[in-house]
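**Q** Take this structure, written in structure tokens, and hold onto it; I'll ask about it next.
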Amino acid sequence: MDKKTLVLGASLKTNRYSNFVINKLVDHNYEVEAIGLKRGVVAGIAIQTELEKFDNIDTITLYLNPQRQKEYYNYIIGLNPKRVIFNPGTENLEFYEVLKVAKIKVEVACTLVLLSTNQY
């Protein structure tokens with residue numbers, strides 16, 4: 001499937017939404033990359049701890065609070081995704097504007113809901 005997705009703020013903890021999303025994306029046959037604080041594997045996806053230069057990222061789904069996002073602005077723009085999904089708790093007006101200038105679509109939504117309702 002297209003829409004290769006980067007989960008930014010991925011967690012090994014099974015009770016975290018970012019962990020649920022990795023599992024759900026894999027279940028829906030999306031190609032997934034993940035970056036988090038700790039290395040590990042979720043649903044067969046290796047969580048990286050370094051800012052890898054991934055190719056062909058369609059969507060970045062954020063699981064970082066707005067204060068933590070700032071250090072990733074340039075990285076995210078450099079990946080040139082088609083869209084960035086701001087999940088609940090990640091809303092960031094400043095970053096929305098930065099992304100709009102870079103012509104990257106901003107979507108304020110819940111990735112789990114989008115996947116569950118076939119709107120992803």
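The way I read the labels, and the way they are meant: chains A, B, ... in the order of the structure tokens, residue 1 as the first residue of every chain, and ligand 1 as the first ligand shown, with later ones counted on from there.
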List every residue of chain A that DSSP, applied to the backbone of this structure, assigns to helix (DSSP H, G or I), and report them as a PyMOL selection string.
**A** chain A and resi 17-27+66-79+93-101+111-116
**Q** Based on the backbone DSSP call, show me all residues of region 6-104 of chain A assigned strand (DSSP E), as a list of chain:residue names.
**A**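 Matching residues for strand (DSSP E) in region 6-104 of chain A are A:Leu6, A:Val7, A:Leu8, A:Gly9, A:Ala10, A:Val32, A:Glu33, A:Ala34, A:Ile35, A:Gly36, A:Gly40, A:Val41, A:Val42, A:Ile45, A:Ala46, A:Ile47, A:Gln48, A:Thr59, A:Ile60, A:Thr61, A:Leu62, A:Arg83, A:Val84, A:Ile85, A:Phe86.
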**Q** Next, dump the selected residues to file, keeping only N, CA, C and O atoms, as a compact mmCIF listing (two decimals), in the first residue's frame.
**A**
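File result.txt, as written:
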```
# COMPACT_ATOMS: atom_id res chain seq x y z
N LEU A 6 5.51 7.52 8.94
CA LEU A 6 6.48 7.61 10.02
C LEU A 6 5.74 7.94 11.30
O LEU A 6 5.03 8.96 11.37
N VAL A 7 5.87 7.07 12.29
CA VAL A 7 5.31 7.33 13.62
C VAL A 7 6.42 7.99 14.43
O VAL A 7 7.43 7.36 14.74
N LEU A 8 6.24 9.27 14.72
CA LEU A 8 7.25 10.04 15.45
C LEU A 8 6.80 10.20 16.90
O LEU A 8 5.77 10.81 17.17
N GLY A 9 7.57 9.59 17.80
CA GLY A 9 7.19 9.53 19.20
C GLY A 9 6.72 8.12 19.54
O GLY A 9 5.92 7.91 20.44
N ALA A 10 7.25 7.15 18.79
CA ALA A 10 6.86 5.75 18.97
C ALA A 10 7.29 5.24 20.34
O ALA A 10 8.34 5.61 20.85
N VAL A 32 5.58 1.10 7.43
CA VAL A 32 5.74 1.93 8.63
C VAL A 32 7.21 2.07 9.00
O VAL A 32 7.97 1.11 8.95
N GLU A 33 7.57 3.29 9.38
CA GLU A 33 8.85 3.58 10.02
C GLU A 33 8.51 4.18 11.37
O GLU A 33 7.42 4.73 11.56
N ALA A 34 9.43 4.09 12.32
CA ALA A 34 9.14 4.60 13.66
C ALA A 34 10.40 5.16 14.31
O ALA A 34 11.49 4.59 14.17
N ILE A 35 10.21 6.27 15.00
CA ILE A 35 11.29 6.89 15.78
C ILE A 35 10.76 7.13 17.19
O ILE A 35 9.66 7.66 17.37
N GLY A 36 11.56 6.71 18.18
CA GLY A 36 11.18 6.91 19.57
C GLY A 36 12.41 7.08 20.43
O GLY A 36 13.53 7.17 19.93
N GLY A 40 13.70 -0.78 19.86
CA GLY A 40 12.94 -1.99 20.10
C GLY A 40 12.14 -2.31 18.87
O GLY A 40 12.33 -1.69 17.82
N VAL A 41 11.25 -3.27 18.98
CA VAL A 41 10.43 -3.70 17.85
C VAL A 41 8.98 -3.76 18.29
O VAL A 41 8.66 -4.31 19.35
N VAL A 42 8.10 -3.19 17.46
CA VAL A 42 6.65 -3.25 17.68
C VAL A 42 6.03 -3.75 16.39
O VAL A 42 6.25 -3.17 15.33
N ILE A 45 8.13 -3.82 13.41
CA ILE A 45 8.72 -2.54 12.99
C ILE A 45 9.79 -2.13 14.00
O ILE A 45 9.51 -2.01 15.20
N ALA A 46 11.00 -1.90 13.52
CA ALA A 46 12.09 -1.47 14.38
C ALA A 46 11.93 0.00 14.71
O ALA A 46 11.78 0.83 13.81
N ILE A 47 11.95 0.32 15.99
CA ILE A 47 11.91 1.72 16.41
C ILE A 47 13.34 2.23 16.43
O ILE A 47 14.20 1.68 17.11
N GLN A 48 13.57 3.28 15.65
CA GLN A 48 14.88 3.92 15.58
C GLN A 48 14.96 5.01 16.65
O GLN A 48 13.94 5.58 17.04
N THR A 59 3.14 10.26 5.09
CA THR A 59 2.48 10.79 6.28
C THR A 59 3.39 10.66 7.49
O THR A 59 4.00 9.61 7.69
N ILE A 60 3.42 11.71 8.30
CA ILE A 60 4.05 11.63 9.62
C ILE A 60 2.94 11.80 10.63
O ILE A 60 2.17 12.77 10.56
N THR A 61 2.81 10.85 11.53
CA THR A 61 1.82 10.96 12.59
C THR A 61 2.56 11.23 13.89
O THR A 61 3.47 10.49 14.27
N LEU A 62 2.22 12.35 14.53
CA LEU A 62 2.96 12.84 15.69
C LEU A 62 2.39 12.35 17.01
O LEU A 62 1.18 12.41 17.24
N ARG A 83 1.69 15.00 4.30
CA ARG A 83 0.89 15.50 5.42
C ARG A 83 1.51 15.13 6.75
O ARG A 83 2.27 14.15 6.85
N VAL A 84 1.13 15.92 7.76
CA VAL A 84 1.51 15.63 9.14
C VAL A 84 0.20 15.58 9.93
O VAL A 84 -0.60 16.51 9.87
N ILE A 85 0.01 14.47 10.64
CA ILE A 85 -1.18 14.32 11.47
C ILE A 85 -0.82 14.69 12.91
O ILE A 85 0.11 14.12 13.49
N PHE A 86 -1.57 15.63 13.45
CA PHE A 86 -1.42 16.05 14.84
C PHE A 86 -2.49 15.32 15.65
O PHE A 86 -3.66 15.66 15.57
```
**Q** Excluding His28 (chain A) and any residue of its chain fewer than 3 positions from it, enumerate the residues within 9 Å of it, using only C-alpha atoms, and give them as a PyMOL selection string.
**A** chain A and resi 1+23-25+115
**Q** Tell me, as JSON, numbers by chain, which residues lie within 10 Å of region 101-111 of chain A, counting only C-alpha atoms; anything in the same chain fewer than 5 positions away does not count.
**A** {"A": [17, 18, 20, 21, 24, 25, 59, 61, 62, 76, 77, 78, 80, 81, 82, 83, 84, 85, 86, 87, 88, 89, 90, 91, 92, 95, 96, 116, 117, 119, 120]}
**Q** Between CA of Asp58 (chain A) and CA of Lys4 (chain A), measure the distance and give it in Å to one decimal.
**A** 5.2 Å
**Q** Using Å and a single decimal, report how far CA of Lys70 (chain A) sits from CA of Asn15 (chain A).
**A**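 These atoms are spaced 25.3 Å apart.
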**Q** Nearest residue to Arg68 (chain A) out of A:Leu114, A:Leu37, A:Val26, A:Leu99, using only C-alpha atoms?
**A**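 Among the listed residues, A:Leu37 lies closest to Arg68 (chain A).
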**Q** Return the single residue from A:Asp2, A:Glu50, A:Lys100, A:Thr14 that is closest to Tyr75 (chain A), with distances computed using only C-alpha atoms.
**A**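 For Tyr75 (chain A), the nearest of the candidates is A:Glu50.
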**Q** Record the distance separating CA of Ser11 (chain A) and CA of Glu97 (chain A), expressed in Å with one decimal.
**A**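 Here the two named atoms are 27.2 Å from each other.
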**Q** Using only C-alpha atoms, find the one residue out of A:Pro66, A:Ile57, A:Glu52, A:Lys38 that sits nearest to Leu93 (chain A).
**A** A:Pro66
